[in-house]
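Shown next, in structure tokens, is the structure this report addresses.
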Amino acid sequence: MRLWRTLFYTVCGVILAFLVAPLFVAIPLSFSNVSYLQLPPEQWSWRWYQELLSGRQWTGPIVTSIKVAAVCAVISMVLGTLTALGLDRSSWKGKDLLLGLVMSPLIVPAIIISVAMYGMFARTGLVGNMLGLAIAHSVIATPLVFINVSAALQSFNHNLDQAAWSLGANPLRAFFYVKLPLISPGVAAGGALAFATSLDEVVLSLFLSGVRSRTLPMQLWDSIRTEITPIIGAVAVLLMLTYAVLFSLVEGIQWWQNRKQQDTTLPG
């Protein structure tokens with residue numbers, strides 16, 4: 001049994017290394033001093049990071065991506081939380097249909113969503129601005145918030161709601177003072193995932209962004225199509241660091257959520 005377990009972990013480790021190793025190739029490439037891809041670099045330099053953070057060609061899309069992702073996270077947290085609360089503990093016949101509709105953006109290909117949204121947004125003037133792009137990104141990010149909030153509600157002790165009502169709190173006050181603080185880790189974790197999803201989305205951006213709302217994935221896409229330089233590696237490294245911070249934040253929030261739920265659990 002121990003031999004098979006060791007063999008299993010070894011095979012899993014080899015597969016994981018095979019999948020992850022190409023990501024780390026971008027790190028030495030980003031420190032090259034020449035204008036072409038060279039591995040390993042003959043001379044190490046911060047040249048491409050300086051160009052990335054100082055040139056308007058890249059700083060503009062970086063700022064735009066952060067703004068769009070922030071707005072997308074807020075929209076997704078509101079919609080995902082309200083949807084999770086509406087479906088929590090409900091048993092009406094259309095629940096499964098509505099649940100499938102909420103989760104459908106995770107299943108439907110992004111190109112189909114992009115074409116449909118372009119046709120709708122073109123009539124409302126939302127094509128080519130950051131608000132329209134944030135709304136479009138929130139469509140595919142809201143299910144992630146919904147999943148996290150629904151998981152938080154599964155471990156929520158509804159006796160706390162009843163206790164608040166019995167003490168004179170109305171449902172709205174009980175929600176803001178009792179339920180929301182306890183499920184807030186799930187909301188925050190969903191918001192972090194929504195931010196990361198928006199920051200990485202390129203298909204919707206290609207259809208709906210304009211000259212003034214170019215995002216970082218779009219700029220990266222155009223740069224790869226025209227001329228490949230080590231600045232692509234610098235962008236990749238910064239994105240990997242950003243995602244590492246976001247997912248570490250999600251893990252920390254979920255750990256805090258579990259501790260908080262254990263501390264506030266009432267008997268019965």
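The chains in the structure tokens are called A, B, ... from first to last as shown; in each chain the residues are counted from 1, and the ligands are counted from 1 in the order shown.
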Pull the helix (DSSP H, G or I) assignments for region 77-139 of chain A out of DSSP run on the backbone, and list those residues as a ChimeraX atom specification.
/A:77-87,95-106,110-124,130-139
Nearest to Ile147 (chain A), chosen from A:Asp96, A:Asp88, A:Asp200, A:Asp161, with only C-alpha atoms counted in the distances
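Smallest distance to Ile147 (chain A) is found for A:Asp88.
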Find the residue from A:Asp222, A:Ser45, A:Pro217, A:Gly80 that sits nearest to Ser205 (chain A); use only C-alpha atoms when measuring.
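Once distances to Ser205 (chain A) are computed over only C-alpha atoms, the minimum belongs to A:Pro217.
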Which residue of A:Leu216, A:Ile113, A:Val78, A:Leu208 approaches Asn129 (chain A) most closely, using only C-alpha atoms:
A:Leu208
What's the 9 Å shell around Ile135 (chain A), counting only C-alpha atoms, without same-chain residues fewer than 6 positions away, as number ranges by chain?
A: 68, 71-72, 75-76
With C-alpha atoms retained, export the selected residues as an mmCIF file, in the first residue's frame.
data_model
loop_
_atom_site.group_PDB
_atom_site.id
_atom_site.type_symbol
_atom_site.label_atom_id
_atom_site.label_comp_id
_atom_site.auth_asym_id
_atom_site.auth_seq_id
_atom_site.Cartn_x
_atom_site.Cartn_y
_atom_site.Cartn_z
ATOM 1 C CA VAL A 68 -12.524 47.373 -15.005
ATOM 2 C CA VAL A 71 -15.954 47.580 -10.983
ATOM 3 C CA CYS A 72 -16.581 44.030 -12.178
ATOM 4 C CA ILE A 75 -21.059 44.258 -9.544
ATOM 5 C CA SER A 76 -20.408 40.531 -9.258
#
Contacts of region 114-123 of chain A at 7 Å or less, counting only C-alpha atoms, minus same-chain residues fewer than 2 places along, as an mmCIF file with N, CA and C atoms, in the first residue's frame?
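For reference, around_19.cif as written:
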data_model
loop_
_atom_site.group_PDB
_atom_site.id
_atom_site.type_symbol
_atom_site.label_atom_id
_atom_site.label_comp_id
_atom_site.auth_asym_id
_atom_site.auth_seq_id
_atom_site.Cartn_x
_atom_site.Cartn_y
_atom_site.Cartn_z
ATOM 1 N N ALA A 110 -16.990 31.554 -24.373
ATOM 2 C CA ALA A 110 -16.885 33.007 -24.257
ATOM 3 C C ALA A 110 -17.162 33.704 -25.584
ATOM 4 N N ILE A 111 -16.844 33.066 -26.700
ATOM 5 C CA ILE A 111 -17.054 33.692 -28.000
ATOM 6 C C ILE A 111 -18.549 33.886 -28.259
ATOM 7 N N ILE A 112 -19.379 32.948 -27.818
ATOM 8 C CA ILE A 112 -20.829 33.078 -28.001
ATOM 9 C C ILE A 112 -21.367 34.206 -27.130
ATOM 10 N N GLY A 125 -25.051 51.750 -26.484
ATOM 11 C CA GLY A 125 -23.896 52.624 -26.339
ATOM 12 C C GLY A 125 -22.880 52.174 -25.322
ATOM 13 N N LEU A 126 -22.866 50.899 -24.981
ATOM 14 C CA LEU A 126 -21.928 50.384 -23.986
ATOM 15 C C LEU A 126 -20.673 49.772 -24.610
ATOM 16 N N VAL A 127 -20.588 49.773 -25.926
ATOM 17 C CA VAL A 127 -19.386 49.255 -26.583
ATOM 18 C C VAL A 127 -18.324 50.352 -26.609
ATOM 19 N N VAL A 203 -11.342 37.568 -24.547
ATOM 20 C CA VAL A 203 -12.297 37.421 -25.647
ATOM 21 C C VAL A 203 -13.360 38.507 -25.582
ATOM 22 N N LEU A 204 -13.970 38.698 -24.415
ATOM 23 C CA LEU A 204 -14.962 39.754 -24.271
ATOM 24 C C LEU A 204 -14.350 41.129 -24.528
ATOM 25 N N PHE A 207 -14.062 42.081 -28.209
ATOM 26 C CA PHE A 207 -15.314 42.446 -28.853
ATOM 27 C C PHE A 207 -15.849 43.792 -28.367
ATOM 28 N N LEU A 208 -15.690 44.095 -27.086
ATOM 29 C CA LEU A 208 -16.428 45.200 -26.482
ATOM 30 C C LEU A 208 -15.588 46.408 -26.117
#
Compare A:Trp58, A:Trp221, A:Phe146, A:Trp46 by their minimum atom-to-atom distance to Gly86 (chain A), counting only C-alpha atoms, and give me the closest one.
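Closest to Gly86 (chain A) of all the choices is A:Phe146.
The nearest approach to Ser138 (chain A) among the residues A:Leu220, A:Ala194, A:Val250, A:Ala17, with only C-alpha atoms taken into account, belongs to A:Ala194.
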Using only C-alpha atoms for the distances, tell me which of A:Ala141, A:Val34, A:Val178, A:Ile228 is nearest to Gly191 (chain A).
A:Ala141
Shell around Leu199 (chain A) at 6 Å using only C-alpha atoms, local window under 2 positions removed, as a PyMOL selection string:
chain A and resi 65+69+196-197+201
At a cut-off of 10 Å, using only C-alpha atoms, what residues contact region 18-31 of chain A? Leave out same-chain residues fewer than 6 positions from it and give the result as a list in words.
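Contacts, in chain order: Cys12, Leu37, Gln38, Leu39, Pro40, Pro41, Glu42, Gln43, Trp44, Ser45, Trp46, Arg47, Trp48, Tyr49, Thr229, Pro230, Ile231, Ile232, Gly233, Ala234, Val235, Ala236, Val237, Leu238 and Met240 of chain A.
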For a test of reading the model, state the distance in Å between CA of Pro143 (chain A) and CA of Met103 (chain A), rounded to one decimal.
5.6 Å
